[in-house]
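So this one's data_32.txt, compact mmCIF, C-alpha atoms and all ligand atoms:
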```
# COMPACT_ATOMS: atom_id res chain seq x y z
CA MET D 14 0.00 0.00 0.00
CA PRO D 15 1.75 3.17 -1.14
CA PHE D 16 1.82 6.25 1.12
CA ALA D 17 0.32 8.49 -1.57
CA ASP D 18 -1.69 8.23 -4.76
CA CYS D 19 -1.77 10.61 -7.72
CA TYR D 20 -5.21 10.01 -9.21
CA ILE D 21 -5.76 11.72 -12.55
CA SER D 22 -9.47 11.19 -13.26
CA ASP D 23 -10.73 9.96 -16.64
CA GLU D 24 -12.17 13.44 -17.25
CA ALA D 25 -8.79 15.04 -16.56
CA GLN D 26 -7.09 12.59 -18.93
CA ALA D 27 -9.63 13.45 -21.63
CA ALA D 28 -9.12 17.17 -21.00
CA ALA D 29 -5.37 16.73 -21.33
CA LEU D 30 -5.80 15.00 -24.68
CA ARG D 31 -8.18 17.72 -25.86
CA VAL D 32 -5.55 20.37 -25.07
CA LEU D 33 -2.72 18.39 -26.66
CA ARG D 34 -4.73 18.12 -29.88
CA SER D 35 -5.83 21.76 -29.85
CA GLY D 36 -2.52 23.25 -30.96
CA TRP D 37 -2.30 25.47 -27.83
CA VAL D 38 -0.58 23.79 -24.92
CA THR D 39 0.89 26.50 -22.71
CA THR D 40 -0.74 29.39 -20.83
CA GLY D 41 -3.99 30.45 -22.49
CA ARG D 42 -7.74 30.21 -22.19
CA GLU D 43 -7.78 27.06 -20.04
CA VAL D 44 -5.61 28.83 -17.47
CA VAL D 45 -8.01 31.78 -17.35
CA ALA D 46 -10.99 29.45 -16.91
CA PHE D 47 -9.24 27.39 -14.21
CA GLU D 48 -8.26 30.56 -12.35
CA ASN D 49 -11.87 31.73 -12.29
CA GLU D 50 -13.32 28.35 -11.34
CA PHE D 51 -10.76 27.69 -8.61
CA ALA D 52 -11.11 31.20 -7.13
CA ALA D 53 -14.90 30.73 -7.03
CA GLU D 54 -14.45 27.34 -5.32
CA VAL D 55 -12.43 28.89 -2.49
CA GLY D 56 -14.39 32.14 -2.28
CA ALA D 57 -11.61 34.43 -3.53
CA ASP D 58 -11.99 37.32 -5.97
CA HIS D 59 -8.94 36.42 -8.07
CA GLY D 60 -6.84 33.38 -8.86
CA VAL D 61 -3.42 33.44 -10.52
CA ALA D 62 -2.21 30.04 -11.69
CA VAL D 63 1.49 29.34 -11.21
CA SER D 64 3.97 26.52 -11.69
CA SER D 65 4.05 25.52 -8.00
CA CYS D 66 2.99 26.58 -4.54
CA THR D 67 6.64 27.35 -3.83
CA ALA D 68 6.78 29.84 -6.71
CA GLY D 69 3.42 31.21 -5.54
CA ILE D 70 4.77 31.93 -2.04
CA GLU D 71 7.83 33.67 -3.49
CA LEU D 72 5.72 35.77 -5.85
CA ALA D 73 3.19 36.64 -3.13
CA LEU D 74 6.01 37.84 -0.85
CA ARG D 75 7.59 39.80 -3.71
CA SER D 76 4.24 41.48 -4.31
CA PHE D 77 4.56 43.11 -0.85
CA ASP D 78 7.59 45.03 -2.17
CA LEU D 79 9.44 44.86 1.18
CA PRO D 80 13.01 46.05 1.73
CA ALA D 81 15.59 43.29 1.19
CA GLY D 82 16.23 41.29 4.34
CA SER D 83 12.90 42.15 5.98
CA LEU D 84 11.82 39.64 8.61
CA VAL D 85 9.23 37.03 7.66
CA LEU D 86 7.87 34.66 10.31
CA THR D 87 7.33 31.02 9.35
CA SER D 88 6.63 27.80 11.19
CA THR D 89 9.72 25.61 11.41
CA LEU D 90 7.49 22.53 10.95
CA THR D 91 6.87 23.03 7.25
CA PHE D 92 8.11 21.95 3.89
CA CYS D 93 11.63 23.17 3.07
CA GLY D 94 10.42 24.77 -0.19
CA ALA D 95 8.14 27.13 1.71
CA VAL D 96 11.18 28.57 3.50
CA GLN D 97 13.36 28.57 0.37
CA ALA D 98 10.64 30.77 -1.14
CA ILE D 99 11.17 33.40 1.59
CA LEU D 100 14.93 33.38 0.96
CA HIS D 101 14.46 33.53 -2.83
CA ALA D 102 12.26 36.59 -2.32
CA GLY D 103 15.30 38.26 -0.69
CA LEU D 104 13.75 38.19 2.79
CA GLN D 105 14.89 36.85 6.17
CA PRO D 106 12.98 33.85 7.56
CA VAL D 107 12.39 33.85 11.33
CA LEU D 108 11.46 30.38 12.56
CA VAL D 109 8.56 29.95 14.95
CA ASP D 110 8.04 26.96 17.24
CA VAL D 111 4.90 24.83 17.18
CA ASP D 112 2.40 23.41 19.61
CA MET D 113 2.67 19.63 20.19
CA GLU D 114 -1.10 19.16 19.78
CA THR D 115 -1.68 21.02 16.52
CA GLY D 116 1.78 21.02 14.90
CA MET D 117 1.34 24.75 14.31
CA PRO D 118 2.59 28.00 15.86
CA THR D 119 0.53 29.57 18.64
CA PRO D 120 0.20 33.25 19.56
CA ALA D 121 2.68 32.54 22.38
CA THR D 122 5.37 31.03 20.10
CA VAL D 123 4.84 33.88 17.60
CA ARG D 124 5.34 36.41 20.41
CA ASP D 125 8.54 34.57 21.44
CA ALA D 126 9.94 35.02 17.93
CA VAL D 127 8.90 38.69 17.80
CA ARG D 128 10.48 39.31 21.21
CA ALA D 129 13.74 37.71 20.02
CA PHE D 130 14.12 39.45 16.66
CA GLY D 131 11.68 42.37 16.50
CA ARG D 132 8.51 42.99 14.56
CA PRO D 133 8.30 41.16 11.23
CA ALA D 134 7.25 42.73 7.93
CA ALA D 135 5.23 39.67 6.91
CA MET D 136 4.47 36.11 7.89
CA THR D 137 3.51 32.84 6.27
CA ILE D 138 0.86 30.69 7.94
CA VAL D 139 0.51 27.02 7.07
CA HIS D 140 -2.69 25.06 7.69
CA TRP D 141 -0.61 22.05 8.63
CA ALA D 142 -2.05 18.67 7.52
CA GLY D 143 -5.21 20.53 6.43
CA ASP D 144 -6.14 21.52 10.01
CA PRO D 145 -7.34 25.14 10.13
CA ALA D 146 -4.87 27.57 11.76
CA ASP D 147 -6.23 30.59 13.63
CA VAL D 148 -4.94 33.13 11.14
CA SER D 149 -6.28 36.22 12.93
CA ALA D 150 -4.82 35.24 16.30
CA LEU D 151 -1.40 34.50 14.76
CA ALA D 152 -1.35 37.73 12.73
CA ASP D 153 -2.37 39.71 15.83
CA ALA D 154 0.42 38.10 17.85
CA ALA D 155 2.88 39.21 15.15
CA VAL D 156 1.33 42.73 15.13
CA LEU D 157 0.63 42.31 11.42
CA SER D 158 -2.46 43.11 9.41
CA ARG D 159 -3.85 40.18 7.49
CA ASP D 160 -2.81 41.70 4.20
CA ARG D 161 0.83 41.07 5.17
CA VAL D 162 0.05 37.37 5.65
CA VAL D 163 0.79 34.78 2.96
CA VAL D 164 -1.19 31.64 3.66
CA ASP D 165 0.60 28.43 2.70
CA ALA D 166 -2.47 26.42 1.72
CA ALA D 167 -0.52 23.52 0.18
CA HIS D 168 -2.43 21.21 2.55
CA ALA D 169 -5.59 23.29 2.63
CA VAL D 170 -7.58 22.66 -0.54
CA GLY D 171 -10.82 21.85 1.30
CA THR D 172 -9.93 23.46 4.68
CA TYR D 173 -12.38 25.93 6.22
CA THR D 174 -11.58 28.42 8.97
CA GLY D 175 -14.90 28.79 10.75
CA ALA D 176 -17.50 28.74 7.97
CA ILE D 177 -15.15 30.22 5.34
CA PRO D 178 -13.05 28.22 2.88
CA VAL D 179 -9.32 28.95 2.96
CA GLY D 180 -8.56 31.26 0.03
CA SER D 181 -9.59 34.79 0.97
CA GLY D 182 -9.05 37.38 3.70
CA CYS D 183 -5.24 37.56 3.62
CA GLY D 184 -2.69 39.22 1.35
CA ALA D 185 -2.42 36.03 -0.68
CA THR D 186 -3.19 32.32 -0.31
CA CYS D 187 -0.99 29.78 -2.10
CA PHE D 188 -2.21 26.32 -3.10
CA SER D 189 -0.31 23.30 -4.44
CA PHE D 190 -1.41 20.81 -7.07
CA TYR D 191 1.67 18.63 -6.57
CA ALA D 192 1.14 14.89 -7.16
CA THR D 193 0.39 14.00 -3.55
CA LYS D 194 -1.87 16.94 -2.69
CA ASN D 195 -5.68 17.00 -2.41
CA LEU D 196 -6.19 18.29 -5.98
CA PRO D 197 -3.35 16.54 -7.81
CA LEU D 198 -2.13 17.59 -11.27
CA GLY D 199 1.43 16.33 -10.89
CA GLU D 200 2.76 19.88 -10.61
CA GLY D 201 1.15 23.30 -10.34
CA GLY D 202 -0.07 25.96 -7.94
CA MET D 203 -2.53 28.81 -7.52
CA VAL D 204 -2.33 32.13 -5.70
CA THR D 205 -5.68 33.59 -4.67
CA THR D 206 -6.22 37.15 -3.47
CA ASP D 207 -9.01 39.69 -3.04
CA ASP D 208 -6.79 42.55 -4.21
CA PRO D 209 -7.17 43.24 -7.95
CA ASP D 210 -3.87 45.14 -8.12
CA ARG D 211 -2.01 42.27 -6.48
CA ALA D 212 -3.63 39.82 -8.90
CA GLU D 213 -2.51 41.94 -11.86
CA TRP D 214 1.01 42.21 -10.47
CA LEU D 215 1.17 38.45 -9.93
CA ARG D 216 -0.03 37.78 -13.49
CA ARG D 217 2.87 39.79 -14.87
CA ALA D 218 5.45 38.57 -12.38
CA ARG D 219 4.76 34.89 -13.03
CA LEU D 220 5.72 35.37 -16.69
CA HIS D 221 8.99 37.32 -16.77
CA GLY D 222 7.27 40.57 -15.70
CA MET D 223 5.83 40.95 -19.19
CA THR D 224 2.64 42.95 -19.51
CA ALA D 225 -0.35 40.94 -18.41
CA ASP D 226 -1.65 39.81 -21.74
CA ALA D 227 1.68 38.53 -23.02
CA TRP D 228 0.27 35.11 -23.91
CA ARG D 229 -2.41 36.66 -26.08
CA ARG D 230 0.16 38.00 -28.49
CA TYR D 231 0.19 34.67 -30.32
CA LEU D 232 -3.59 34.62 -30.77
CA PRO D 233 -5.10 35.81 -34.07
CA GLY D 234 -5.17 39.59 -33.92
CA GLY D 235 -2.93 39.60 -30.83
CA LYS D 236 -0.48 42.42 -30.36
CA TRP D 237 3.22 41.63 -30.47
CA ARG D 238 4.36 44.63 -28.46
CA TYR D 239 4.91 44.29 -24.73
CA ASN D 240 6.72 45.95 -21.89
CA VAL D 241 8.67 44.60 -18.93
CA ALA D 242 8.49 47.03 -16.02
CA GLU D 243 9.93 44.89 -13.25
CA ALA D 244 11.56 41.59 -12.30
CA GLY D 245 9.59 38.44 -12.93
CA LEU D 246 9.89 34.69 -12.71
CA LYS D 247 9.17 31.96 -15.22
CA ALA D 248 6.40 30.41 -13.17
CA ASN D 249 3.33 30.23 -15.38
CA MET D 250 0.94 27.28 -15.59
CA THR D 251 0.26 25.48 -18.87
CA ASP D 252 -3.18 25.01 -20.43
CA LEU D 253 -2.51 21.29 -20.20
CA GLN D 254 -2.37 21.48 -16.40
CA ALA D 255 -5.26 23.95 -16.21
CA ALA D 256 -7.63 21.81 -18.29
CA MET D 257 -6.80 18.84 -16.06
CA GLY D 258 -7.34 21.05 -13.01
CA ARG D 259 -10.80 22.10 -14.16
CA ALA D 260 -11.77 18.44 -14.54
CA GLN D 261 -10.20 17.42 -11.22
CA LEU D 262 -12.06 20.26 -9.48
CA THR D 263 -15.43 18.67 -10.30
CA HIS D 264 -14.36 15.63 -8.22
CA LEU D 265 -13.10 17.62 -5.26
CA PRO D 266 -16.26 17.55 -3.07
CA ALA D 267 -16.50 13.75 -3.31
CA TRP D 268 -12.76 13.35 -2.69
CA GLN D 269 -12.95 15.56 0.39
CA ARG D 270 -15.90 13.58 1.76
CA ARG D 271 -13.91 10.38 1.30
CA ARG D 272 -10.86 11.84 3.08
CA ALA D 273 -13.08 12.76 6.05
CA GLU D 274 -14.53 9.23 6.11
CA ILE D 275 -11.05 7.70 6.11
CA ALA D 276 -9.91 10.00 8.93
CA ALA D 277 -12.97 9.03 11.00
CA ARG D 278 -12.33 5.34 10.33
CA TYR D 279 -8.68 5.66 11.39
CA ASP D 280 -9.86 7.46 14.55
CA GLU D 281 -12.08 4.46 15.38
CA GLN D 282 -9.41 1.89 14.53
CA LEU D 283 -6.66 3.55 16.51
CA ALA D 284 -8.56 4.97 19.50
CA GLY D 285 -7.06 3.81 22.76
CA LEU D 286 -4.00 2.06 21.32
CA PRO D 287 -1.12 2.47 23.78
CA GLY D 288 1.49 4.92 22.60
CA ILE D 289 -0.51 6.17 19.61
CA LEU D 290 -2.05 9.65 19.77
CA LEU D 291 -4.64 10.62 17.16
CA PRO D 292 -4.31 13.79 15.07
CA HIS D 293 -5.74 17.06 16.38
CA ARG D 294 -9.31 17.75 15.27
CA PRO D 295 -10.74 21.26 14.99
CA SER D 296 -13.98 22.03 16.81
CA PRO D 297 -16.88 22.71 14.41
CA ALA D 298 -16.57 26.41 15.30
CA ASP D 299 -12.87 26.39 14.34
CA GLY D 300 -13.63 25.04 10.87
CA LEU D 301 -13.16 22.00 8.70
CA HIS D 302 -10.09 19.79 8.36
CA ALA D 303 -9.08 18.94 4.76
CA TRP D 304 -7.31 15.75 5.87
CA HIS D 305 -4.44 16.18 3.45
CA LEU D 306 -2.44 14.24 6.04
CA TYR D 307 -3.40 11.89 8.85
CA PRO D 308 -0.44 12.42 11.22
CA VAL D 309 -0.45 10.25 14.36
CA ARG D 310 2.04 10.69 17.17
CA VAL D 311 4.03 7.70 18.39
CA GLN D 312 4.82 8.27 22.06
CA PRO D 313 8.37 7.13 22.84
CA ALA D 314 7.58 6.89 26.56
CA ASP D 315 5.35 3.89 25.92
CA GLY D 316 8.18 1.73 24.69
CA ILE D 317 7.69 1.99 20.92
CA ASP D 318 9.61 4.42 18.90
CA ARG D 319 8.51 6.12 15.73
CA ASP D 320 11.36 4.94 13.49
CA GLY D 321 10.74 1.36 14.61
CA VAL D 322 7.06 1.69 13.77
CA ILE D 323 7.93 3.01 10.30
CA ALA D 324 10.20 0.01 9.71
CA GLN D 325 7.60 -2.46 10.93
CA LEU D 326 4.89 -0.90 8.78
CA ALA D 327 7.26 -1.03 5.81
CA ASP D 328 7.82 -4.76 6.51
CA ARG D 329 4.06 -5.18 6.11
CA ALA D 330 4.15 -3.13 2.88
CA VAL D 331 2.45 -0.06 4.38
CA GLY D 332 4.02 3.14 3.10
CA THR D 333 4.27 6.07 5.52
CA SER D 334 5.98 9.43 5.71
CA VAL D 335 6.98 12.15 8.19
CA HIS D 336 5.74 15.75 7.83
CA PHE D 337 8.10 17.32 8.44
CA ILE D 338 11.73 17.37 9.47
CA PRO D 339 11.69 20.86 11.06
CA VAL D 340 13.62 23.15 8.76
CA HIS D 341 15.99 24.25 11.55
CA GLN D 342 17.32 20.66 11.59
CA LEU D 343 18.40 21.04 7.94
CA SER D 344 21.88 22.50 7.64
CA TYR D 345 21.16 25.15 4.99
CA PHE D 346 18.35 26.63 7.04
CA ARG D 347 20.41 26.57 10.24
CA ARG D 348 22.75 28.95 8.45
CA HIS D 349 20.18 31.15 6.74
CA THR D 350 17.26 31.50 9.16
CA LEU D 351 16.86 33.21 12.53
CA ILE D 352 16.18 30.76 15.35
CA PRO D 353 14.94 32.04 18.74
CA PRO D 354 17.68 31.76 21.41
CA GLY D 355 15.65 29.22 23.41
CA GLY D 356 15.53 26.90 20.38
CA LEU D 357 12.45 25.27 18.92
CA ALA D 358 11.75 22.59 21.49
CA GLY D 359 8.14 21.91 20.55
CA ALA D 360 9.02 21.13 16.94
CA ASP D 361 12.05 19.07 17.99
CA ALA D 362 9.99 16.91 20.32
CA LEU D 363 6.97 16.60 18.04
CA SER D 364 8.95 15.75 14.92
CA GLU D 365 10.41 12.70 16.71
CA GLN D 366 6.87 11.38 17.16
CA LEU D 367 5.16 12.24 13.87
CA LEU D 368 4.02 9.53 11.50
CA SER D 369 1.78 10.21 8.50
CA LEU D 370 -0.44 7.26 7.50
CA PRO D 371 -1.77 6.72 3.96
CA ILE D 372 -4.86 8.84 3.26
CA TYR D 373 -6.27 9.41 -0.22
CA PRO D 374 -9.70 9.02 -1.81
CA ARG D 375 -8.98 5.67 -3.47
CA LEU D 376 -7.87 4.06 -0.19
CA SER D 377 -10.52 1.41 0.60
CA ASP D 378 -12.09 0.70 3.99
CA ASP D 379 -10.30 -2.65 3.93
CA GLN D 380 -6.97 -0.93 3.44
CA VAL D 381 -7.66 1.48 6.30
CA ASP D 382 -8.60 -1.44 8.52
CA ALA D 383 -5.44 -3.29 7.49
CA VAL D 384 -3.26 -0.30 8.47
CA GLY D 385 -5.18 -0.09 11.75
CA ALA D 386 -4.64 -3.81 12.42
CA VAL D 387 -0.90 -3.61 11.77
CA LEU D 388 -0.56 -0.55 14.00
CA ALA D 389 -2.56 -2.33 16.71
CA ASP D 390 -0.22 -5.33 16.49
CA ILE D 391 2.77 -3.05 16.85
CA ALA D 392 1.29 -0.96 19.64
CA LEU D 393 0.18 -4.01 21.61
CA GLY D 394 3.57 -5.68 21.15
CA ARG D 395 2.27 -8.57 19.06
CA PHE D 396 4.05 -7.77 15.83
CA SER D 397 7.66 -8.44 16.82
CA ARG D 398 6.81 -11.85 18.37
CA ARG D 399 4.74 -13.04 15.45
CA GLY D 400 5.98 -11.21 12.44
CA ARG D 401 9.65 -11.08 11.88
CA GLN D 402 11.32 -14.48 11.52
C1 LIG K 501 3.95 20.58 -0.91
C2 LIG K 501 4.16 21.78 -0.06
C3 LIG K 501 4.63 22.98 -0.58
C4 LIG K 501 5.18 23.10 -1.97
O1 LIG K 501 4.26 22.85 -2.96
P1 LIG K 501 4.81 22.77 -4.47
O2 LIG K 501 3.57 22.95 -5.30
O3 LIG K 501 5.43 21.41 -4.63
O4 LIG K 501 5.78 23.86 -4.67
C5 LIG K 501 4.68 24.10 0.24
N1 LIG K 501 4.29 24.02 1.52
C6 LIG K 501 3.86 22.88 2.08
C7 LIG K 501 3.45 22.88 3.51
C8 LIG K 501 3.80 21.71 1.31
O5 LIG K 501 3.41 20.56 1.87
```
Represent the structure contained in this file as structure tokens.
Ligand SMILES: *Cc1c(COP(=O)(O)O)cnc(C)c1O
Amino acid sequence: MPFADCYISDEAQAAALRVLRSGWVTTGREVVAFENEFAAEVGADHGVAVSSCTAGIELALRSFDLPAGSLVLTSTLTFCGAVQAILHAGLQPVLVDVDMETGMPTPATVRDAVRAFGRPAAMTIVHWAGDPADVSALADAAVLSRDRVVVDAAHAVGTYTGAIPVGSGCGATCFSFYATKNLPLGEGGMVTTDDPDRAEWLRRARLHGMTADAWRRYLPGGKWRYNVAEAGLKANMTDLQAAMGRAQLTHLPAWQRRRAEIAARYDEQLAGLPGILLPHRPSPADGLHAWHLYPVRVQPADGIDRDGVIAQLADRAVGTSVHFIPVHQLSYFRRHTLIPPGGLAGADALSEQLLSLPIYPRLSDDQVDAVGAVLADIALGRFSRRGRQ
């Protein structure tokens, strides 16, 4: 049983073929349509399709036009690319510790970072695993307005904060369509924003800084002349990806329902197992979990250790992963980020315990039960006696 699954629906395959046969493969009308449909899905005014969430975070931060080296707060328990993006934008990441229960920063850990290094110019907020973060409380703790917040929504296609889907209300929200994510295309990303000027800026900046309609110049009657007024990246999305994305989007509600069912089934299977703690669940008032990940905690105090559990699950052909190695444990980021003098003890302790189980819409109830049974064997000490020789 693999850890992840990249399901490209029949409709998305057909859409891809339609685009390949159309004679127009890169950024064009499909991208415009996908931007509009995705933005509507997440309740944002504008969507700007990009090559990856990582590029989206960099572009969103660049759109703030901050002085070089300005401080940007980020959780240390995130994907390395999200912190590379801050560095590539010419800004200084400040790492924030996380809570053991939620895997995310709290107002208190944000205030610790601000006390150590001063007020930041911006922050990124990740809805880790798909669990809604309290964006307002974290922004307030950083003394930042929400329009200086970039939401890393790589896990949050399908997350709601309160009654509102993740996608609006901050400076920018960046989604990922990487192969393992909730709306998989293989590669791709989307930046949503309510600010029309920011959306326009992002549309230019994702394609070399060329004037917004650059792609139209190859259409019949299109104008060849363009201007470049500022720095840009090569980070556009192709029509091939966008057409697939439009088709995948029609499946999203059913996929999200299935993820929630799987999470509930794991909860039942694993409840009460010694040494296994279930993932944090938001209260209904806090919002809706997207269940991109199902991260359990393996408690070392109970005599089983996380790495041993990974090996034993692998022996039974169950793929797992760890989200994440805190970035301050990676040597490049130790050199290039600011780490509060007291260290990042919450992330250090939690990351030793984290174990992400398989969760994706095509995982069957039988497969979930099989993972649960193997974990129960391990947790109850039956596996090593029965399994190995
Ligand atoms: C996957 C991921 C990213 C990067 O997404 P890409 O589309 O691959 O660039 C960023 N942040 C988090 C938290 C992720 O899990």
Can you list every residue of chain D that has an atom at most 6 Å from ligand LIG 501 (chain K), with its nearest atom pair and the distance in Å to one decimal, using all atoms listed in the file, ordered by chain then number, as CSV?
```
residue,atom,partner,partner_atom,distance
D:Ser65,CA,K:LIG501,O2,3.8
D:Cys66,CA,K:LIG501,O2,3.8
D:Thr67,CA,K:LIG501,O4,3.7
D:Thr91,CA,K:LIG501,C7,5.1
D:Phe92,CA,K:LIG501,C6,4.7
D:Gly94,CA,K:LIG501,C4,5.8
D:Ala95,CA,K:LIG501,C5,4.8
D:Asp165,CA,K:LIG501,N1,5.9
D:Ala167,CA,K:LIG501,C6,4.8
D:His168,CA,K:LIG501,O5,5.9
D:Ser189,CA,K:LIG501,O2,4.0
D:Phe190,CA,K:LIG501,O2,5.7
D:Tyr191,CA,K:LIG501,O2,4.9
D:Gly201,CA,K:LIG501,O2,5.6
D:Gly202,CA,K:LIG501,O2,5.4
```
Can I get the residues of range 42-161 of chain D within 9 Å of range 277-297 of chain D, each with the closest pair of atoms and their distance in Å to one decimal, using all atoms listed in the file, sorted chain first then ascending number, as a Markdown table?
```
| residue | atom | partner | partner_atom | distance |
| --- | --- | --- | --- | --- |
| D:Glu114 | CA | D:His293 | CA | 6.1 |
| D:Thr115 | CA | D:His293 | CA | 5.7 |
| D:Gly116 | CA | D:His293 | CA | 8.6 |
| D:Asp144 | CA | D:Pro295 | CA | 6.8 |
| D:Pro145 | CA | D:Pro295 | CA | 7.1 |
```
Might you pull out every residue within 12 Å of range 126-128 of chain D, with only C-alpha atoms counted and same-chain residues fewer than 5 positions away left off, and present them as a PDB file with C-alpha atoms, keeping the file's coordinate frame?
```
ATOM      1  CA  LEU D  84      11.820  39.640   8.610  1.00  0.00           C
ATOM      2  CA  VAL D  85       9.230  37.030   7.660  1.00  0.00           C
ATOM      3  CA  LEU D  86       7.870  34.660  10.310  1.00  0.00           C
ATOM      4  CA  THR D  87       7.330  31.020   9.350  1.00  0.00           C
ATOM      5  CA  SER D  88       6.630  27.800  11.190  1.00  0.00           C
ATOM      6  CA  THR D  89       9.720  25.610  11.410  1.00  0.00           C
ATOM      7  CA  PRO D 106      12.980  33.850   7.560  1.00  0.00           C
ATOM      8  CA  VAL D 107      12.390  33.850  11.330  1.00  0.00           C
ATOM      9  CA  LEU D 108      11.460  30.380  12.560  1.00  0.00           C
ATOM     10  CA  VAL D 109       8.560  29.950  14.950  1.00  0.00           C
ATOM     11  CA  ASP D 110       8.040  26.960  17.240  1.00  0.00           C
ATOM     12  CA  VAL D 111       4.900  24.830  17.180  1.00  0.00           C
ATOM     13  CA  PRO D 118       2.590  28.000  15.860  1.00  0.00           C
ATOM     14  CA  THR D 119       0.530  29.570  18.640  1.00  0.00           C
ATOM     15  CA  PRO D 120       0.200  33.250  19.560  1.00  0.00           C
ATOM     16  CA  ALA D 121       2.680  32.540  22.380  1.00  0.00           C
ATOM     17  CA  PRO D 133       8.300  41.160  11.230  1.00  0.00           C
ATOM     18  CA  ALA D 134       7.250  42.730   7.930  1.00  0.00           C
ATOM     19  CA  ALA D 135       5.230  39.670   6.910  1.00  0.00           C
ATOM     20  CA  MET D 136       4.470  36.110   7.890  1.00  0.00           C
ATOM     21  CA  LEU D 151      -1.400  34.500  14.760  1.00  0.00           C
ATOM     22  CA  ALA D 152      -1.350  37.730  12.730  1.00  0.00           C
ATOM     23  CA  ASP D 153      -2.370  39.710  15.830  1.00  0.00           C
ATOM     24  CA  ALA D 154       0.420  38.100  17.850  1.00  0.00           C
ATOM     25  CA  ALA D 155       2.880  39.210  15.150  1.00  0.00           C
ATOM     26  CA  VAL D 156       1.330  42.730  15.130  1.00  0.00           C
ATOM     27  CA  LEU D 157       0.630  42.310  11.420  1.00  0.00           C
ATOM     28  CA  THR D 350      17.260  31.500   9.160  1.00  0.00           C
ATOM     29  CA  LEU D 351      16.860  33.210  12.530  1.00  0.00           C
ATOM     30  CA  ILE D 352      16.180  30.760  15.350  1.00  0.00           C
ATOM     31  CA  PRO D 353      14.940  32.040  18.740  1.00  0.00           C
ATOM     32  CA  PRO D 354      17.680  31.760  21.410  1.00  0.00           C
ATOM     33  CA  GLY D 355      15.650  29.220  23.410  1.00  0.00           C
ATOM     34  CA  GLY D 356      15.530  26.900  20.380  1.00  0.00           C
ATOM     35  CA  LEU D 357      12.450  25.270  18.920  1.00  0.00           C
TER      36      LEU D 357
END
```
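Going from CA of Arg124 in chain D to CA of Val163 in chain D covers 18.1 Å.
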Would you compute the distance between CA of Val387 in chain D and CA of Thr193 in chain D? Give it in Å to one decimal.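 Answer for the CA of Val387 in chain D to CA of Thr193 in chain D separation: 23.4 Å.
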Give me, as a PyMOL selection string, all polymer residues having an atom no more than 8 Å from range 253-264 of chain D, counting all atoms listed in the file and skipping those fewer than 5 positions away in the same chain. chain D and resi 21-22+24-26+28-29+32-33+38-39+43-44+46-47+50-51+196-198+200-201
Which residue out of D:Ala129, D:Leu246, D:Arg329, D:Ser364 has the minimum interatomic distance to Gln342 in chain D when only C-alpha atoms are used? D:Ser364
Using all atoms listed in the file, pick whichever of D:Val96, D:Ile372, D:Ala362, D:Val123 has the shortest atom-to-atom distance to Asp18 in chain D. D:Ile372
Need the shell around Gly56 in chain D: protein/DNA/RNA residues with any atom at most 8 Å away, counting all atoms listed in the file. Skip same-chain ones fewer than 6 positions apart. Format as a PyMOL selection string? chain D and resi 177-181
In terms of only C-alpha atoms, the residue from D:Ala166, D:Ala176, D:Ala57, D:Ala73 at minimal distance from Asp299 in chain D is D:Ala176
Could you tell me how far CA of Glu365 in chain D lies from CA of Trp304 in chain D, in Å and to one decimal?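 Separation of CA of Glu365 in chain D and CA of Trp304 in chain D: 21.0 Å.
The closest residue to Asp160 in chain D, picked from D:Gly131, D:Gly143, D:Gly184, D:Gly69 and counting all atoms listed in the file, is D:Gly184.
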Give the answer as one residue: which of D:Val322, D:Ala360, D:Ala327, D:Leu368 has the shortest atom-to-atom distance to Asp390 in chain D, using all atoms listed in the file? D:Val322
Of the residues D:Phe346, D:Trp141, D:Tyr239, D:Phe77, which is the one nearest to Ala102 in chain D, using only C-alpha atoms? D:Phe77
